[in-house]
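Asks: Got a structure for you, upload35.pdb, holding PDB, C-alpha atoms.
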ATOM      1  CA  TRP A  22       0.000   0.000   0.000  1.00  0.00           C
ATOM      2  CA  HIS A  23       1.090   3.573  -0.554  1.00  0.00           C
ATOM      3  CA  ASN A  24       2.114   5.982   2.209  1.00  0.00           C
ATOM      4  CA  ASN A  25      -0.055   9.136   1.840  1.00  0.00           C
ATOM      5  CA  SER A  26       1.253  10.877   4.948  1.00  0.00           C
ATOM      6  CA  GLY A  27       3.140  13.472   2.883  1.00  0.00           C
ATOM      7  CA  ALA A  28       0.067  14.392   0.864  1.00  0.00           C
ATOM      8  CA  SER A  29      -2.060  14.523   3.996  1.00  0.00           C
ATOM      9  CA  LEU A  30       0.453  16.821   5.654  1.00  0.00           C
ATOM     10  CA  ARG A  31       0.394  19.200   2.659  1.00  0.00           C
ATOM     11  CA  VAL A  32      -3.420  19.290   2.735  1.00  0.00           C
ATOM     12  CA  LEU A  33      -3.344  20.019   6.474  1.00  0.00           C
ATOM     13  CA  ILE A  34      -0.857  22.895   5.994  1.00  0.00           C
ATOM     14  CA  ILE A  35      -2.921  24.417   3.174  1.00  0.00           C
ATOM     15  CA  TYR A  36      -6.088  24.122   5.295  1.00  0.00           C
ATOM     16  CA  LYS A  37      -4.463  25.808   8.273  1.00  0.00           C
ATOM     17  CA  SER A  38      -3.048  28.580   6.067  1.00  0.00           C
ATOM     18  CA  GLN A  39      -6.455  29.232   4.530  1.00  0.00           C
ATOM     19  CA  THR A  40      -8.025  29.267   7.986  1.00  0.00           C
ATOM     20  CA  LYS A  41      -5.526  31.914   9.130  1.00  0.00           C
ATOM     21  CA  ILE A  42      -6.282  34.045   6.050  1.00  0.00           C
ATOM     22  CA  ASP A  43     -10.038  33.738   6.632  1.00  0.00           C
ATOM     23  CA  THR A  44      -9.573  34.700  10.288  1.00  0.00           C
ATOM     24  CA  LYS A  45      -7.536  37.790   9.326  1.00  0.00           C
ATOM     25  CA  TYR A  46     -10.263  38.903   6.901  1.00  0.00           C
ATOM     26  CA  GLN A  47     -12.909  38.392   9.585  1.00  0.00           C
ATOM     27  CA  ILE A  48     -10.910  40.500  12.037  1.00  0.00           C
ATOM     28  CA  MET A  49     -10.350  43.248   9.456  1.00  0.00           C
ATOM     29  CA  HIS A  50     -14.044  43.228   8.547  1.00  0.00           C
ATOM     30  CA  TYR A  51     -15.009  43.471  12.228  1.00  0.00           C
ATOM     31  CA  LEU A  52     -12.593  46.345  12.867  1.00  0.00           C
ATOM     32  CA  LEU A  53     -13.820  48.247   9.801  1.00  0.00           C
ATOM     33  CA  ALA A  54     -17.461  47.777  10.825  1.00  0.00           C
ATOM     34  CA  THR A  55     -16.631  48.950  14.338  1.00  0.00           C
ATOM     35  CA  ILE A  56     -14.920  52.104  13.033  1.00  0.00           C
ATOM     36  CA  ILE A  57     -17.855  52.951  10.750  1.00  0.00           C
ATOM     37  CA  PHE A  58     -20.351  52.360  13.551  1.00  0.00           C
ATOM     38  CA  THR A  59     -18.351  54.577  15.916  1.00  0.00           C
ATOM     39  CA  ILE A  60     -18.203  57.422  13.371  1.00  0.00           C
ATOM     40  CA  VAL A  61     -21.967  57.227  12.765  1.00  0.00           C
ATOM     41  CA  LEU A  62     -22.648  57.068  16.504  1.00  0.00           C
ATOM     42  CA  LEU A  63     -20.463  60.083  17.267  1.00  0.00           C
ATOM     43  CA  THR A  64     -22.004  62.112  14.455  1.00  0.00           C
ATOM     44  CA  SER A  65     -25.546  61.347  15.500  1.00  0.00           C
ATOM     45  CA  THR A  66     -24.786  61.850  19.197  1.00  0.00           C
ATOM     46  CA  TYR A  67     -23.025  65.185  19.043  1.00  0.00           C
ATOM     47  CA  GLY A  68     -24.762  66.713  16.032  1.00  0.00           C
ATOM     48  CA  LEU A  69     -23.711  70.162  14.840  1.00  0.00           C
ATOM     49  CA  SER A  70     -22.612  73.260  16.690  1.00  0.00           C
ATOM     50  CA  GLY A  71     -21.197  76.707  16.056  1.00  0.00           C
ATOM     51  CA  SER A  72     -20.893  80.178  17.541  1.00  0.00           C
ATOM     52  CA  VAL A  73     -20.298  83.718  16.306  1.00  0.00           C
ATOM     53  CA  GLU A  74     -19.957  87.235  17.679  1.00  0.00           C
ATOM     54  CA  LEU A  75     -22.646  89.396  16.103  1.00  0.00           C
ATOM     55  CA  ASP A  76     -21.696  92.756  17.594  1.00  0.00           C
ATOM     56  CA  GLY A  77     -18.918  93.598  20.029  1.00  0.00           C
ATOM     57  CA  LEU A  78     -20.443  96.941  21.028  1.00  0.00           C
ATOM     58  CA  ASN A  79     -23.604  95.278  22.322  1.00  0.00           C
ATOM     59  CA  LYS A  80     -21.799  92.108  23.472  1.00  0.00           C
ATOM     60  CA  GLN A  81     -24.146  90.251  21.153  1.00  0.00           C
ATOM     61  CA  GLN A  82     -23.290  86.611  20.514  1.00  0.00           C
ATOM     62  CA  LEU A  83     -25.003  83.530  19.098  1.00  0.00           C
ATOM     63  CA  SER A  84     -24.407  79.817  19.622  1.00  0.00           C
ATOM     64  CA  LEU A  85     -26.277  76.919  18.032  1.00  0.00           C
ATOM     65  CA  ASN A  86     -26.349  73.244  18.890  1.00  0.00           C
ATOM     66  CA  ILE A  87     -28.309  71.015  16.523  1.00  0.00           C
ATOM     67  CA  ASP A  88     -29.203  67.423  17.441  1.00  0.00           C
ATOM     68  CA  PRO A  89     -30.773  65.548  14.496  1.00  0.00           C
ATOM     69  CA  THR A  90     -31.504  62.501  16.676  1.00  0.00           C
ATOM     70  CA  THR A  91     -34.007  64.488  18.739  1.00  0.00           C
ATOM     71  CA  ASN A  92     -34.985  66.972  16.001  1.00  0.00           C
ATOM     72  CA  LYS A  93     -34.021  69.810  18.362  1.00  0.00           C
ATOM     73  CA  VAL A  94     -31.909  72.938  18.061  1.00  0.00           C
ATOM     74  CA  THR A  95     -30.664  74.875  21.089  1.00  0.00           C
ATOM     75  CA  ILE A  96     -30.227  78.609  20.543  1.00  0.00           C
ATOM     76  CA  VAL A  97     -28.124  80.664  22.948  1.00  0.00           C
ATOM     77  CA  LEU A  98     -28.327  84.398  22.261  1.00  0.00           C
ATOM     78  CA  SER A  99     -26.873  87.187  24.383  1.00  0.00           C
ATOM     79  CA  GLY A 100     -26.757  90.985  24.377  1.00  0.00           C
ATOM     80  CA  GLU A 101     -26.689  93.960  26.709  1.00  0.00           C
ATOM     81  CA  THR A 102     -29.776  94.563  28.845  1.00  0.00           C
ATOM     82  CA  GLN A 103     -30.065  98.246  27.866  1.00  0.00           C
ATOM     83  CA  ALA A 104     -32.022  97.374  24.693  1.00  0.00           C
ATOM     84  CA  TRP A 105     -33.820  94.578  22.866  1.00  0.00           C
ATOM     85  CA  PHE A 106     -31.639  92.403  20.651  1.00  0.00           C
ATOM     86  CA  ALA A 107     -32.375  89.895  17.911  1.00  0.00           C
ATOM     87  CA  VAL A 108     -30.962  87.561  15.287  1.00  0.00           C
ATOM     88  CA  GLY A 109     -32.526  86.496  11.973  1.00  0.00           C
ATOM     89  CA  PHE A 110     -31.733  83.254  10.182  1.00  0.00           C
ATOM     90  CA  ASN A 111     -31.006  82.618   6.506  1.00  0.00           C
ATOM     91  CA  GLY A 112     -31.647  86.180   5.410  1.00  0.00           C
ATOM     92  CA  THR A 113     -29.741  89.100   3.952  1.00  0.00           C
ATOM     93  CA  ASP A 114     -32.388  91.675   4.895  1.00  0.00           C
ATOM     94  CA  MET A 115     -35.398  91.876   7.186  1.00  0.00           C
ATOM     95  CA  ASN A 116     -38.070  91.011   4.635  1.00  0.00           C
ATOM     96  CA  ASN A 117     -39.644  87.610   5.454  1.00  0.00           C
ATOM     97  CA  THR A 118     -36.728  86.568   7.681  1.00  0.00           C
ATOM     98  CA  TYR A 119     -37.407  84.289  10.656  1.00  0.00           C
ATOM     99  CA  THR A 120     -36.077  85.961  13.816  1.00  0.00           C
ATOM    100  CA  VAL A 121     -35.630  85.303  17.534  1.00  0.00           C
ATOM    101  CA  LEU A 122     -35.808  88.421  19.730  1.00  0.00           C
ATOM    102  CA  SER A 123     -35.170  89.115  23.396  1.00  0.00           C
ATOM    103  CA  ASP A 124     -37.087  92.193  24.543  1.00  0.00           C
ATOM    104  CA  TYR A 125     -35.847  95.083  26.653  1.00  0.00           C
ATOM    105  CA  ASP A 126     -36.442  95.142  30.419  1.00  0.00           C
ATOM    106  CA  SER A 127     -38.217  91.770  30.571  1.00  0.00           C
ATOM    107  CA  THR A 128     -37.781  88.040  30.154  1.00  0.00           C
ATOM    108  CA  ASP A 129     -40.014  88.062  27.059  1.00  0.00           C
ATOM    109  CA  ILE A 130     -38.699  86.139  24.047  1.00  0.00           C
ATOM    110  CA  TYR A 131     -40.393  86.285  20.654  1.00  0.00           C
ATOM    111  CA  GLU A 132     -40.330  84.559  17.289  1.00  0.00           C
ATOM    112  CA  PHE A 133     -41.092  86.796  14.316  1.00  0.00           C
ATOM    113  CA  LYS A 134     -41.420  86.682  10.581  1.00  0.00           C
ATOM    114  CA  LEU A 135     -40.133  90.147   9.813  1.00  0.00           C
ATOM    115  CA  GLY A 136     -41.631  92.612   7.400  1.00  0.00           C
ATOM    116  CA  SER A 137     -39.605  95.182   5.532  1.00  0.00           C
ATOM    117  CA  GLY A 138     -37.283  97.526   7.380  1.00  0.00           C
ATOM    118  CA  THR A 139     -39.383 100.560   6.497  1.00  0.00           C
ATOM    119  CA  CYS A 140     -42.476  99.414   8.416  1.00  0.00           C
ATOM    120  CA  SER A 141     -41.072  97.366  11.316  1.00  0.00           C
ATOM    121  CA  PRO A 142     -42.268  96.626  13.955  1.00  0.00           C
ATOM    122  CA  GLN A 143     -45.826  97.305  12.777  1.00  0.00           C
ATOM    123  CA  CYS A 144     -45.588  94.912   9.819  1.00  0.00           C
ATOM    124  CA  ASP A 145     -43.671  92.163  11.617  1.00  0.00           C
ATOM    125  CA  LYS A 146     -45.645  88.969  12.173  1.00  0.00           C
ATOM    126  CA  GLU A 147     -45.420  87.602  15.698  1.00  0.00           C
ATOM    127  CA  LEU A 148     -45.342  83.808  15.522  1.00  0.00           C
ATOM    128  CA  LYS A 149     -46.660  81.184  17.902  1.00  0.00           C
ATOM    129  CA  PRO A 150     -43.790  80.219  20.242  1.00  0.00           C
ATOM    130  CA  THR A 151     -42.246  76.859  19.362  1.00  0.00           C
ATOM    131  CA  PHE A 152     -39.491  76.929  21.974  1.00  0.00           C
ATOM    132  CA  VAL A 153     -38.882  75.847  25.545  1.00  0.00           C
ATOM    133  CA  VAL A 154     -36.882  78.227  27.737  1.00  0.00           C
ATOM    134  CA  ASN A 155     -33.920  76.488  29.354  1.00  0.00           C
ATOM    135  CA  SER A 156     -32.623  79.657  31.013  1.00  0.00           C
ATOM    136  CA  ASN A 157     -32.933  83.430  30.830  1.00  0.00           C
ATOM    137  CA  SER A 158     -30.407  85.209  32.999  1.00  0.00           C
ATOM    138  CA  VAL A 159     -28.526  88.483  33.433  1.00  0.00           C
ATOM    139  CA  ASP A 160     -24.878  88.712  34.402  1.00  0.00           C
ATOM    140  CA  ASP A 161     -22.892  91.949  34.528  1.00  0.00           C
ATOM    141  CA  GLY A 162     -25.334  93.809  32.314  1.00  0.00           C
ATOM    142  CA  VAL A 163     -25.604  91.064  29.676  1.00  0.00           C
ATOM    143  CA  ARG A 164     -28.744  88.985  29.192  1.00  0.00           C
ATOM    144  CA  THR A 165     -28.361  85.429  27.878  1.00  0.00           C
ATOM    145  CA  ILE A 166     -31.331  83.438  26.654  1.00  0.00           C
ATOM    146  CA  ASN A 167     -31.107  79.679  26.124  1.00  0.00           C
ATOM    147  CA  ILE A 168     -34.008  78.077  24.260  1.00  0.00           C
ATOM    148  CA  THR A 169     -34.655  74.749  22.554  1.00  0.00           C
ATOM    149  CA  LYS A 170     -37.029  74.314  19.623  1.00  0.00           C
ATOM    150  CA  PRO A 171     -37.715  71.858  16.792  1.00  0.00           C
ATOM    151  CA  ILE A 172     -35.191  71.830  13.955  1.00  0.00           C
ATOM    152  CA  SER A 173     -38.092  72.136  11.535  1.00  0.00           C
ATOM    153  CA  TYR A 174     -41.713  73.135  11.936  1.00  0.00           C
ATOM    154  CA  ASN A 175     -44.590  72.522   9.566  1.00  0.00           C
ATOM    155  CA  ASN A 176     -45.008  76.187   8.714  1.00  0.00           C
ATOM    156  CA  PRO A 177     -43.066  78.196   6.116  1.00  0.00           C
ATOM    157  CA  ASP A 178     -42.934  81.206   8.452  1.00  0.00           C
ATOM    158  CA  TYR A 179     -40.360  79.350  10.566  1.00  0.00           C
ATOM    159  CA  TYR A 180     -36.805  78.568   9.535  1.00  0.00           C
ATOM    160  CA  SER A 181     -35.778  74.923   9.130  1.00  0.00           C
ATOM    161  CA  PHE A 182     -32.293  74.466  10.534  1.00  0.00           C
ATOM    162  CA  PRO A 183     -29.767  72.298   8.650  1.00  0.00           C
ATOM    163  CA  THR A 184     -28.758  68.820   9.782  1.00  0.00           C
ATOM    164  CA  SER A 185     -25.465  68.677   7.869  1.00  0.00           C
ATOM    165  CA  PRO A 186     -22.330  70.860   8.162  1.00  0.00           C
ATOM    166  CA  GLY A 187     -22.446  74.275   6.492  1.00  0.00           C
ATOM    167  CA  THR A 188     -23.132  77.942   7.116  1.00  0.00           C
ATOM    168  CA  ILE A 189     -26.254  79.990   7.846  1.00  0.00           C
ATOM    169  CA  LYS A 190     -26.540  83.617   6.773  1.00  0.00           C
ATOM    170  CA  LEU A 191     -27.536  85.905   9.629  1.00  0.00           C
ATOM    171  CA  ILE A 192     -28.973  89.346  10.185  1.00  0.00           C
ATOM    172  CA  TRP A 193     -28.843  90.960  13.615  1.00  0.00           C
ATOM    173  CA  ALA A 194     -29.891  94.136  15.382  1.00  0.00           C
ATOM    174  CA  PHE A 195     -30.387  95.796  18.740  1.00  0.00           C
ATOM    175  CA  GLY A 196     -32.684  98.632  19.675  1.00  0.00           C
ATOM    176  CA  ILE A 197     -32.540 102.143  21.052  1.00  0.00           C
ATOM    177  CA  LYS A 198     -31.662 102.197  24.745  1.00  0.00           C
ATOM    178  CA  GLY A 199     -34.744 102.002  26.945  1.00  0.00           C
ATOM    179  CA  GLN A 200     -37.225 101.107  24.191  1.00  0.00           C
ATOM    180  CA  LYS A 201     -39.242  97.931  23.996  1.00  0.00           C
ATOM    181  CA  PHE A 202     -39.412  96.397  20.547  1.00  0.00           C
ATOM    182  CA  GLU A 203     -43.114  97.081  19.953  1.00  0.00           C
ATOM    183  CA  ASN A 204     -42.587 100.765  20.760  1.00  0.00           C
ATOM    184  CA  GLY A 205     -39.274 101.054  18.954  1.00  0.00           C
ATOM    185  CA  THR A 206     -38.698 104.073  16.769  1.00  0.00           C
ATOM    186  CA  ASP A 207     -35.429 102.840  15.264  1.00  0.00           C
ATOM    187  CA  MET A 208     -32.508 100.484  15.747  1.00  0.00           C
ATOM    188  CA  GLN A 209     -29.265 101.486  17.397  1.00  0.00           C
ATOM    189  CA  ASN A 210     -27.309  99.157  15.147  1.00  0.00           C
ATOM    190  CA  GLN A 211     -27.872  96.336  12.668  1.00  0.00           C
ATOM    191  CA  GLY A 212     -25.969  94.141  10.256  1.00  0.00           C
ATOM    192  CA  ASN A 213     -26.388  91.518   7.563  1.00  0.00           C
ATOM    193  CA  LYS A 214     -22.892  90.320   6.752  1.00  0.00           C
ATOM    194  CA  LYS A 215     -22.560  87.684   9.457  1.00  0.00           C
ATOM    195  CA  SER A 216     -22.840  83.932   9.191  1.00  0.00           C
ATOM    196  CA  ILE A 217     -22.479  81.001  11.548  1.00  0.00           C
ATOM    197  CA  THR A 218     -20.539  77.890  10.583  1.00  0.00           C
ATOM    198  CA  LEU A 219     -21.855  74.539  11.802  1.00  0.00           C
ATOM    199  CA  SER A 220     -19.627  71.509  12.090  1.00  0.00           C
TER     200      SER A 220
END
Could you take the file, read its structure, and then write that structure out as structure tokens?

Replies:
Amino acid sequence: WHNNSGASLRVLIIYKSQTKIDTKYQIMHYLLATIIFTIVLLTSTYGLSGSVELDGLNKQQLSLNIDPTTNKVTIVLSGETQAWFAVGFNGTDMNNTYTVLSDYDSTDIYEFKLGSGTCSPQCDKELKPTFVVNSNSVDDGVRTINITKPISYNNPDYYSFPTSPGTIKLIWAFGIKGQKFENGTDMQNQGNKKSITLS
């Protein structure tokens, strides 16, 4: 009879080599899947954020934190207490721009769809509030409002915030010292060349 031990040994070596190769591919596939899952998890968990100084004179600043997993955006807006202050989203002028405003000498916060600059505030449309107030505080003459609202709302008067990295055009303003917005005769300062970058 013939001795097949040599052939059997070669088959065993080839089998073990193939098994090692298959195991390496399985490990690589697992590691790659883990990396992809981690990236997706981190992106969905932390969402988007950004901040910008709107006006140094009025200490006016804006921060956004967008969480697509909860469909919520947190808006933190600050400015000096001596006047109302506001920020408008995705606009280059007042006309039809969605705006969040903190009024003078009160804790009142408003959402507006603005009219043209020549007839404001009379032609501005006050919107139904869609936000929850997290905090509204004053420190060293600066009021900071912190609100959370839906990223999007089923009404074209409201702005739908983005859920992917990019920039939002902004307009901003603050009022005459000592005037509430509804009684305002003019603005102390305003601008339309700001934007906030979200990443």

Asks: Quick one: residues within 8 Å of stretch 191-203 of chain A, only C-alpha atoms, excluding same-chain residues fewer than 2 positions away - as a PyMOL selection string?

Replies: chain A and resi 75+79+103-115+124-126+142-143+189+205-217

Asks: Kindly resolve the PyMOL selection byres ((chain A and resi 168) around 9) on the present coordinates and return the residues as a PDB file with C-alpha atoms, in the coordinates of the input.

Replies:
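Output file result05.pdb is given in full below:
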ATOM      1  CA  VAL A  94     -31.909  72.938  18.061  1.00  0.00           C
ATOM      2  CA  THR A  95     -30.664  74.875  21.089  1.00  0.00           C
ATOM      3  CA  ILE A  96     -30.227  78.609  20.543  1.00  0.00           C
ATOM      4  CA  VAL A  97     -28.124  80.664  22.948  1.00  0.00           C
ATOM      5  CA  LEU A  98     -28.327  84.398  22.261  1.00  0.00           C
ATOM      6  CA  PHE A 152     -39.491  76.929  21.974  1.00  0.00           C
ATOM      7  CA  VAL A 153     -38.882  75.847  25.545  1.00  0.00           C
ATOM      8  CA  VAL A 154     -36.882  78.227  27.737  1.00  0.00           C
ATOM      9  CA  ASN A 155     -33.920  76.488  29.354  1.00  0.00           C
ATOM     10  CA  SER A 156     -32.623  79.657  31.013  1.00  0.00           C
ATOM     11  CA  ASN A 157     -32.933  83.430  30.830  1.00  0.00           C
ATOM     12  CA  ILE A 166     -31.331  83.438  26.654  1.00  0.00           C
ATOM     13  CA  ASN A 167     -31.107  79.679  26.124  1.00  0.00           C
ATOM     14  CA  THR A 169     -34.655  74.749  22.554  1.00  0.00           C
ATOM     15  CA  LYS A 170     -37.029  74.314  19.623  1.00  0.00           C
TER      16      LYS A 170
END

Asks: Once the PyMOL selection byres ((chain A and resi 86) around 12) has been applied to the shown file, what residues remain in the selection, as a ChimeraX atom specification?

Replies: /A:66-72,83-85,87-89,91-98,167-172,182-186,217-220

Asks: Quick one: apply the PyMOL selection byres ((chain A and resi 149) around 9) to the file and drop the selected residues here as a PyMOL selection string.

Replies: chain A and resi 131-133+147-148+150-151

Asks: When distances are computed from only C-alpha atoms, which of A:Ser158, A:Ser181, A:Asn204, A:Thr165 shows the smallest separation from A:Ser99?

Replies: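 For A:Ser99, the nearest of the candidates is A:Thr165.
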
Asks: To test the calculation: enclose all listed atoms of stretch 180-186 of chain A in a box whose edges run along x, y and z, add 5 Å on each side, then state centre and edge lengths in Å to one decimal, as AutoDock Vina command-line options.

Replies:
--center_x -29.6 --center_y 73.6 --center_z 9.2 --size_x 24.5 --size_y 19.9 --size_z 12.7

Asks: In Å, how far is it from atom CA of A:Gly162 to atom CA of A:Tyr119?

Replies: 26.6 Å

Asks: Between atom CA of A:Gln81 and atom CA of A:Val163, what distance in Å does the model show, to one decimal?

Replies: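 Interatomic distance, atom CA of A:Gln81 to atom CA of A:Val163: 8.7 Å.
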
Asks: To one decimal place in Å, what is the distance between atom CA of A:Leu135 and atom CA of A:Thr118?

Replies: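 Separating atom CA of A:Leu135 from atom CA of A:Thr118 is a distance of 5.4 Å.
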